[in-house]
Amino acid sequence: MEHNISLISTIAAAFGGALILGVIAERLKLPALVGYLLAGILIGPATPGFVADIETAAQLSEIGVMLLMFGVGLHFSLDDLLSVKRIALPGAVVQMTLATVLGMGLSWWWGWRFGAALIFGLSLSCASTVVLLKALEARGILDTMNGRIAVGWLVVEDLATVLVLVLLPPLAGVLGGNASASGAGPLWMTIGKTLLEVSAFVALMLIVGRRALPWLLAQVARTGSRELFTLAVVTSAISIAYGSAQLFSVSFALGAFFAGMVMRESEFSHRAAEESLPLRDAFSVLFFVAVGMLFDPAVLPESRCMCWASSPSSLLASRWRRWRWSWHCATRSTRR
């Protein structure tokens with residue numbers, strides 16, 4: 001009897017490849033996530049041999065992001081987050097602005113249009129939350145002041161990214177895209193709706209969730225069942241992350257982080273962190289594997305040739321030659 005085992009085969013191939021290549025990467029004094037990315041490339045559609053289900057891997061990686069951000073939230077209280085606001089808030093805004101401007105300048109030098117240059121600059125301005133948190137955890141500085149600042153910085157970036165993603169459809173016409181396909185309303189209405197949704201989510205988590213989640217965890221802990229306790233922790237992380245995305249248009253990562261942050265108010269927060277740690281580590285590996293599956297190694301030789309032909313130095317030389325020729329022609333005509 002034939003069965004559809006794409007989920008099982010994807011998990012088996014991802015975990016197996018990540019384990020082998022992760023160990024090799026550690027032996028070579030490289031971060032283990034380098035091996036995870038290589039495992040994703042090997043089982044991805046761009047390389048020969050076994051090809052895993054990329055859609056299944058993407059959904060599994062989202063669970064990893066939820067559990068990872070939930071675990072980080074369990075180490076941070078609201079007071080910890082507010083204590084770094086004077087550094088994280090202006091720092092994130094200035095960093096995103098400068099990165100966007102620099103990306104736009106580089107894209108303009110390449111000859112891109114304004115809309116494409118803006119999208120490229122905005123993409124460069126956002127850091128990868130998962131990669132940065134894994135790096136902080138590996139160095140043991142997540143609970144330090146610098147770690148708190150980095151987490152607060154990432155929260156500000158996530159909130160700004162939510163606003164940017166919502167504003168792109170109504171601005172599609174201005175950026176050179178298809179405005180009729182966006183289906184968005186007036187710009188002021190879109191901005192107001194987004195701010196209202198984000199504010200409602202934060203208020204709901206800090207007012208209702210701050211009391212409901214610790215109470216729920218305490219009731220489950222009274223049963224004395226370890227399985228039910230672990231189930232309650234995982235259910236809270238995934239359900240709140242999914243609900244925040246569906247109801248308030250907030251990212252999975254941000255929703256899970258706030259879920260962990262309000263659950264920290266419970267006396268069982270340390271136990272919740274320990275119970276969710278194995279699942280968090282396992283599914284976070286799938287995130288890097290899924291990212292590796294999106295990479296096509298054939299792009300490297302092609303982009304190398306294209307970059308050589310359109311590098312800033314070659315463009316500068318081309319513009320210098322055109323300027324010299326224009327100056328030469330102008331000088332000759334003046335002499336005549």
# chains A, B, ... in the order shown; residues from 1 in each chain; ligands from 1
call {"tool": "residues_around", "arguments": {"residues": "stretch 277-284 of chain A", "least_positions_apart": "5", "cutoff": "7 Å", "atoms": "only C-alpha atoms", "output": "list of chain:residue names"}}
result
A:Leu60, A:Ser61, A:Ile63, A:Gly64, A:Val65, A:Leu67, A:Leu68
call {"tool": "closest_residue", "arguments": {"among": "A:Glu265, A:Val208, A:Asp158, A:Gly292", "to": "A:Val250", "atoms": "only C-alpha atoms"}}
result
A:Asp158
call {"tool": "atom_distance", "arguments": {"atom1": "atom CA of A:Ser9", "atom2": "atom CA of A:Ile41"}}
result
15.7 Å
call {"tool": "residues_around", "arguments": {"residues": "A:Gln59", "least_positions_apart": "5", "cutoff": "12 Å", "atoms": "only C-alpha atoms", "output": "PyMOL selection string"}}
result
chain A and resi 7+10-11+53-54+64-66+242+252+283-284+286-287+289-291
call {"tool": "closest_residue", "arguments": {"among": "A:Glu267, A:Asp296, A:Glu274, A:Glu157", "to": "A:Met96", "atoms": "only C-alpha atoms"}}
result
A:Glu157
call {"tool": "residues_around", "arguments": {"residues": "A:Leu213", "least_positions_apart": "4", "cutoff": "12 Å", "atoms": "only C-alpha atoms", "output": "number ranges by chain"}}
result
A: 204-209, 217-220, 232-233, 235-237, 240, 258-269, 272
call {"tool": "closest_residue", "arguments": {"among": "A:Phe257, A:Phe295, A:Phe248, A:Phe288", "to": "A:Val198", "atoms": "only C-alpha atoms"}}
result
A:Phe248
call {"tool": "closest_residue", "arguments": {"among": "A:Ala150, A:Met189, A:Leu106, A:Trp215", "to": "A:Glu137", "atoms": "only C-alpha atoms"}}
result
A:Ala150
call {"tool": "closest_residue", "arguments": {"among": "A:Ala58, A:Ala200, A:Leu19, A:Ala160", "to": "A:Gly35", "atoms": "only C-alpha atoms"}}
result
A:Leu19
call {"tool": "select_by_dssp", "arguments": {"residues": "stretch 69-301 of chain A", "states": "helix (DSSP H, G or I)", "output": "PDB file with C-alpha atoms, in the first residue's frame"}}
result
ATOM      1  CA  MET A  69      10.884  33.350  20.061  1.00  0.00           C
ATOM      2  CA  PHE A  70       8.640  31.926  22.771  1.00  0.00           C
ATOM      3  CA  GLY A  71      11.693  30.637  24.617  1.00  0.00           C
ATOM      4  CA  VAL A  72      13.388  34.024  24.318  1.00  0.00           C
ATOM      5  CA  GLY A  73      10.264  35.703  25.664  1.00  0.00           C
ATOM      6  CA  LEU A  78       8.136  43.753  30.291  1.00  0.00           C
ATOM      7  CA  ASP A  79      10.428  45.695  32.629  1.00  0.00           C
ATOM      8  CA  ASP A  80      13.482  44.229  30.893  1.00  0.00           C
ATOM      9  CA  LEU A  81      12.101  45.338  27.548  1.00  0.00           C
ATOM     10  CA  LEU A  82      11.259  48.840  28.739  1.00  0.00           C
ATOM     11  CA  SER A  83      14.669  49.234  30.392  1.00  0.00           C
ATOM     12  CA  LYS A  85      13.888  51.357  25.087  1.00  0.00           C
ATOM     13  CA  ARG A  86      16.101  54.462  25.149  1.00  0.00           C
ATOM     14  CA  ILE A  87      18.766  52.564  23.211  1.00  0.00           C
ATOM     15  CA  ALA A  88      16.788  50.002  21.219  1.00  0.00           C
ATOM     16  CA  LEU A  89      14.083  52.324  19.863  1.00  0.00           C
ATOM     17  CA  PRO A  90      16.208  55.144  18.399  1.00  0.00           C
ATOM     18  CA  GLY A  91      18.994  52.722  17.512  1.00  0.00           C
ATOM     19  CA  ALA A  92      16.719  50.483  15.476  1.00  0.00           C
ATOM     20  CA  VAL A  93      15.096  53.440  13.714  1.00  0.00           C
ATOM     21  CA  VAL A  94      18.444  55.039  12.816  1.00  0.00           C
ATOM     22  CA  GLN A  95      19.941  51.708  11.737  1.00  0.00           C
ATOM     23  CA  MET A  96      16.981  50.837   9.501  1.00  0.00           C
ATOM     24  CA  THR A  97      16.991  54.315   7.968  1.00  0.00           C
ATOM     25  CA  LEU A  98      20.718  54.291   7.212  1.00  0.00           C
ATOM     26  CA  ALA A  99      20.643  50.733   5.835  1.00  0.00           C
ATOM     27  CA  THR A 100      17.681  51.605   3.605  1.00  0.00           C
ATOM     28  CA  VAL A 101      19.373  54.734   2.275  1.00  0.00           C
ATOM     29  CA  LEU A 102      22.653  52.901   1.626  1.00  0.00           C
ATOM     30  CA  GLY A 103      20.823  50.064  -0.115  1.00  0.00           C
ATOM     31  CA  MET A 104      18.910  52.523  -2.258  1.00  0.00           C
ATOM     32  CA  GLY A 105      22.133  54.325  -3.159  1.00  0.00           C
ATOM     33  CA  LEU A 106      23.802  51.086  -4.182  1.00  0.00           C
ATOM     34  CA  SER A 107      20.762  50.057  -6.222  1.00  0.00           C
ATOM     35  CA  TRP A 108      20.677  53.443  -7.914  1.00  0.00           C
ATOM     36  CA  TRP A 109      24.331  52.963  -8.831  1.00  0.00           C
ATOM     37  CA  TRP A 110      23.350  49.663 -10.435  1.00  0.00           C
ATOM     38  CA  PHE A 114      13.197  53.817  -7.331  1.00  0.00           C
ATOM     39  CA  GLY A 115      10.659  51.177  -6.276  1.00  0.00           C
ATOM     40  CA  ALA A 116      13.086  48.272  -6.641  1.00  0.00           C
ATOM     41  CA  ALA A 117      15.834  50.242  -4.886  1.00  0.00           C
ATOM     42  CA  LEU A 118      13.537  51.005  -1.948  1.00  0.00           C
ATOM     43  CA  ILE A 119      12.537  47.352  -1.556  1.00  0.00           C
ATOM     44  CA  PHE A 120      16.190  46.313  -1.680  1.00  0.00           C
ATOM     45  CA  GLY A 121      17.146  48.880   0.945  1.00  0.00           C
ATOM     46  CA  LEU A 122      14.305  47.851   3.252  1.00  0.00           C
ATOM     47  CA  SER A 123      15.353  44.209   2.912  1.00  0.00           C
ATOM     48  CA  LEU A 124      18.876  45.069   3.998  1.00  0.00           C
ATOM     49  CA  SER A 125      17.635  47.073   6.986  1.00  0.00           C
ATOM     50  CA  THR A 129      15.796  37.400  14.330  1.00  0.00           C
ATOM     51  CA  VAL A 130      16.431  33.659  14.386  1.00  0.00           C
ATOM     52  CA  VAL A 131      20.059  33.887  13.258  1.00  0.00           C
ATOM     53  CA  LEU A 132      20.890  36.640  15.722  1.00  0.00           C
ATOM     54  CA  LEU A 133      19.213  34.911  18.657  1.00  0.00           C
ATOM     55  CA  LYS A 134      20.981  31.632  17.902  1.00  0.00           C
ATOM     56  CA  ALA A 135      24.295  33.494  17.801  1.00  0.00           C
ATOM     57  CA  LEU A 136      23.572  35.200  21.128  1.00  0.00           C
ATOM     58  CA  GLU A 137      22.592  31.891  22.704  1.00  0.00           C
ATOM     59  CA  ALA A 138      25.722  30.161  21.397  1.00  0.00           C
ATOM     60  CA  ARG A 139      27.882  32.858  23.008  1.00  0.00           C
ATOM     61  CA  MET A 145      22.458  43.824  29.016  1.00  0.00           C
ATOM     62  CA  ASN A 146      23.772  43.659  25.451  1.00  0.00           C
ATOM     63  CA  GLY A 147      21.500  40.689  24.815  1.00  0.00           C
ATOM     64  CA  ARG A 148      18.480  42.597  26.141  1.00  0.00           C
ATOM     65  CA  ILE A 149      19.327  45.542  23.924  1.00  0.00           C
ATOM     66  CA  ALA A 150      19.598  43.232  20.904  1.00  0.00           C
ATOM     67  CA  VAL A 151      16.227  41.629  21.659  1.00  0.00           C
ATOM     68  CA  GLY A 152      14.569  45.013  22.130  1.00  0.00           C
ATOM     69  CA  TRP A 153      16.171  46.153  18.890  1.00  0.00           C
ATOM     70  CA  LEU A 154      14.705  43.131  17.086  1.00  0.00           C
ATOM     71  CA  VAL A 155      11.245  43.771  18.526  1.00  0.00           C
ATOM     72  CA  VAL A 156      11.319  47.325  17.178  1.00  0.00           C
ATOM     73  CA  GLU A 157      12.444  46.016  13.782  1.00  0.00           C
ATOM     74  CA  ASP A 158       9.634  43.454  13.731  1.00  0.00           C
ATOM     75  CA  LEU A 159       7.035  46.119  14.508  1.00  0.00           C
ATOM     76  CA  ALA A 160       8.463  48.379  11.802  1.00  0.00           C
ATOM     77  CA  THR A 161       8.496  45.487   9.334  1.00  0.00           C
ATOM     78  CA  VAL A 162       4.811  44.811   9.993  1.00  0.00           C
ATOM     79  CA  LEU A 163       4.043  48.430   9.127  1.00  0.00           C
ATOM     80  CA  VAL A 164       6.229  48.335   6.010  1.00  0.00           C
ATOM     81  CA  LEU A 165       4.637  45.134   4.676  1.00  0.00           C
ATOM     82  CA  VAL A 166       1.173  46.592   5.147  1.00  0.00           C
ATOM     83  CA  LEU A 167       2.085  49.857   3.422  1.00  0.00           C
ATOM     84  CA  ALA A 179      -1.621  49.479  -8.129  1.00  0.00           C
ATOM     85  CA  SER A 180      -4.890  47.939  -9.321  1.00  0.00           C
ATOM     86  CA  ALA A 181      -3.797  44.458  -8.183  1.00  0.00           C
ATOM     87  CA  LEU A 187      -3.167  55.142   2.730  1.00  0.00           C
ATOM     88  CA  TRP A 188      -4.330  56.857   5.919  1.00  0.00           C
ATOM     89  CA  MET A 189      -6.871  54.099   6.509  1.00  0.00           C
ATOM     90  CA  THR A 190      -4.250  51.401   6.027  1.00  0.00           C
ATOM     91  CA  ILE A 191      -1.848  53.055   8.471  1.00  0.00           C
ATOM     92  CA  GLY A 192      -4.582  53.604  11.034  1.00  0.00           C
ATOM     93  CA  LYS A 193      -5.814  50.021  10.761  1.00  0.00           C
ATOM     94  CA  THR A 194      -2.308  48.623  11.189  1.00  0.00           C
ATOM     95  CA  LEU A 195      -1.528  50.747  14.229  1.00  0.00           C
ATOM     96  CA  LEU A 196      -4.887  49.858  15.748  1.00  0.00           C
ATOM     97  CA  GLU A 197      -4.329  46.114  15.229  1.00  0.00           C
ATOM     98  CA  VAL A 198      -0.822  46.166  16.698  1.00  0.00           C
ATOM     99  CA  SER A 199      -1.945  48.283  19.657  1.00  0.00           C
ATOM    100  CA  ALA A 200      -4.901  45.969  20.290  1.00  0.00           C
ATOM    101  CA  PHE A 201      -2.648  42.918  20.247  1.00  0.00           C
ATOM    102  CA  VAL A 202      -0.113  44.415  22.657  1.00  0.00           C
ATOM    103  CA  ALA A 203      -2.874  45.611  24.995  1.00  0.00           C
ATOM    104  CA  LEU A 204      -4.587  42.223  24.904  1.00  0.00           C
ATOM    105  CA  MET A 205      -1.390  40.378  25.766  1.00  0.00           C
ATOM    106  CA  LEU A 206      -0.342  42.758  28.537  1.00  0.00           C
ATOM    107  CA  ILE A 207      -3.776  43.078  30.150  1.00  0.00           C
ATOM    108  CA  VAL A 208      -5.521  39.746  29.539  1.00  0.00           C
ATOM    109  CA  GLY A 209      -2.674  37.402  28.648  1.00  0.00           C
ATOM    110  CA  ARG A 210      -0.542  38.546  31.559  1.00  0.00           C
ATOM    111  CA  ARG A 211      -3.157  37.107  33.903  1.00  0.00           C
ATOM    112  CA  ALA A 212      -4.679  34.300  31.849  1.00  0.00           C
ATOM    113  CA  LEU A 213      -1.525  32.455  30.790  1.00  0.00           C
ATOM    114  CA  PRO A 214       0.085  32.170  34.259  1.00  0.00           C
ATOM    115  CA  TRP A 215      -3.279  31.042  35.668  1.00  0.00           C
ATOM    116  CA  LEU A 216      -3.646  28.405  32.938  1.00  0.00           C
ATOM    117  CA  LEU A 217      -0.121  27.131  33.524  1.00  0.00           C
ATOM    118  CA  ALA A 218      -0.750  26.879  37.264  1.00  0.00           C
ATOM    119  CA  GLN A 219      -3.957  24.897  36.746  1.00  0.00           C
ATOM    120  CA  VAL A 220      -2.230  22.429  34.447  1.00  0.00           C
ATOM    121  CA  ALA A 221       0.728  22.077  36.810  1.00  0.00           C
ATOM    122  CA  ARG A 226       4.393  16.349  32.795  1.00  0.00           C
ATOM    123  CA  GLU A 227       2.848  15.605  29.406  1.00  0.00           C
ATOM    124  CA  LEU A 228      -0.053  17.989  29.974  1.00  0.00           C
ATOM    125  CA  PHE A 229       2.333  20.694  31.197  1.00  0.00           C
ATOM    126  CA  THR A 230       4.499  20.400  28.088  1.00  0.00           C
ATOM    127  CA  LEU A 231       1.375  20.335  25.933  1.00  0.00           C
ATOM    128  CA  ALA A 232       0.078  23.501  27.609  1.00  0.00           C
ATOM    129  CA  VAL A 233       3.371  25.313  26.982  1.00  0.00           C
ATOM    130  CA  VAL A 234       3.616  24.320  23.322  1.00  0.00           C
ATOM    131  CA  THR A 235      -0.085  24.991  22.709  1.00  0.00           C
ATOM    132  CA  SER A 236       0.212  28.471  24.207  1.00  0.00           C
ATOM    133  CA  ALA A 237       3.216  29.349  22.057  1.00  0.00           C
ATOM    134  CA  ILE A 238       1.864  28.085  18.743  1.00  0.00           C
ATOM    135  CA  SER A 239      -1.774  29.081  19.253  1.00  0.00           C
ATOM    136  CA  ILE A 240      -1.016  32.650  20.316  1.00  0.00           C
ATOM    137  CA  ALA A 241       1.495  33.078  17.478  1.00  0.00           C
ATOM    138  CA  TYR A 242      -1.017  31.792  14.935  1.00  0.00           C
ATOM    139  CA  GLY A 243      -3.895  33.800  16.398  1.00  0.00           C
ATOM    140  CA  SER A 244      -1.877  37.016  16.434  1.00  0.00           C
ATOM    141  CA  ALA A 245      -1.041  36.577  12.759  1.00  0.00           C
ATOM    142  CA  GLN A 246      -4.615  35.812  11.737  1.00  0.00           C
ATOM    143  CA  LEU A 247      -6.453  38.347  13.896  1.00  0.00           C
ATOM    144  CA  PHE A 248      -3.979  41.211  14.278  1.00  0.00           C
ATOM    145  CA  PHE A 252       4.432  34.606  14.135  1.00  0.00           C
ATOM    146  CA  ALA A 253       7.725  35.547  15.770  1.00  0.00           C
ATOM    147  CA  LEU A 254       6.369  38.656  17.475  1.00  0.00           C
ATOM    148  CA  GLY A 255       3.237  36.870  18.680  1.00  0.00           C
ATOM    149  CA  ALA A 256       5.233  33.995  20.169  1.00  0.00           C
ATOM    150  CA  PHE A 257       7.666  36.403  21.832  1.00  0.00           C
ATOM    151  CA  PHE A 258       4.863  38.251  23.615  1.00  0.00           C
ATOM    152  CA  ALA A 259       3.335  34.918  24.630  1.00  0.00           C
ATOM    153  CA  GLY A 260       6.579  33.908  26.312  1.00  0.00           C
ATOM    154  CA  MET A 261       7.046  37.325  27.861  1.00  0.00           C
ATOM    155  CA  VAL A 262       3.641  37.291  29.594  1.00  0.00           C
ATOM    156  CA  MET A 263       4.095  33.650  30.653  1.00  0.00           C
ATOM    157  CA  SER A 269       8.254  29.949  33.777  1.00  0.00           C
ATOM    158  CA  HIS A 270      11.628  28.225  34.375  1.00  0.00           C
ATOM    159  CA  ARG A 271       9.980  24.825  34.110  1.00  0.00           C
ATOM    160  CA  ALA A 272       8.205  25.917  30.932  1.00  0.00           C
ATOM    161  CA  ALA A 273      11.536  26.966  29.424  1.00  0.00           C
ATOM    162  CA  GLU A 274      13.125  23.608  30.283  1.00  0.00           C
ATOM    163  CA  GLU A 275      10.198  21.586  28.936  1.00  0.00           C
ATOM    164  CA  SER A 276      10.093  23.446  25.615  1.00  0.00           C
ATOM    165  CA  LEU A 277      13.869  23.508  25.080  1.00  0.00           C
ATOM    166  CA  PRO A 278      14.204  20.172  23.188  1.00  0.00           C
ATOM    167  CA  LEU A 279      11.371  20.995  20.795  1.00  0.00           C
ATOM    168  CA  ARG A 280      12.664  24.516  20.342  1.00  0.00           C
ATOM    169  CA  ASP A 281      16.161  23.361  19.399  1.00  0.00           C
ATOM    170  CA  ALA A 282      14.892  20.627  17.069  1.00  0.00           C
ATOM    171  CA  PHE A 283      12.469  22.805  15.134  1.00  0.00           C
ATOM    172  CA  SER A 284      14.853  25.758  14.956  1.00  0.00           C
ATOM    173  CA  VAL A 285      17.213  23.464  13.039  1.00  0.00           C
ATOM    174  CA  LEU A 286      14.459  23.003  10.468  1.00  0.00           C
ATOM    175  CA  PHE A 287      14.371  26.762   9.957  1.00  0.00           C
ATOM    176  CA  PHE A 288      17.961  26.842   8.727  1.00  0.00           C
ATOM    177  CA  VAL A 289      17.430  23.722   6.634  1.00  0.00           C
ATOM    178  CA  ALA A 290      14.387  25.334   4.993  1.00  0.00           C
ATOM    179  CA  VAL A 291      16.414  28.472   4.249  1.00  0.00           C
ATOM    180  CA  GLY A 292      19.116  26.341   2.648  1.00  0.00           C
ATOM    181  CA  MET A 293      16.529  24.646   0.436  1.00  0.00           C
ATOM    182  CA  VAL A 299      23.418  31.353  -9.054  1.00  0.00           C
ATOM    183  CA  LEU A 300      27.004  31.763  -7.843  1.00  0.00           C
ATOM    184  CA  PRO A 301      28.855  31.429 -11.188  1.00  0.00           C
TER     185      PRO A 301
END
call {"tool": "atom_distance", "arguments": {"atom1": "atom CA of A:Ala18", "atom2": "atom CA of A:Leu30"}}
result
13.7 Å
call {"tool": "residues_around", "arguments": {"residues": "A:Gly17", "least_positions_apart": "4", "cutoff": "9 Å", "atoms": "only C-alpha atoms", "output": "list in words"}}
result
Ala12, Ala13, Leu21, Gly22, Gly35, Tyr36, Leu38, Ala39, Gly40, Leu42, Ile43 and Val289 of chain A
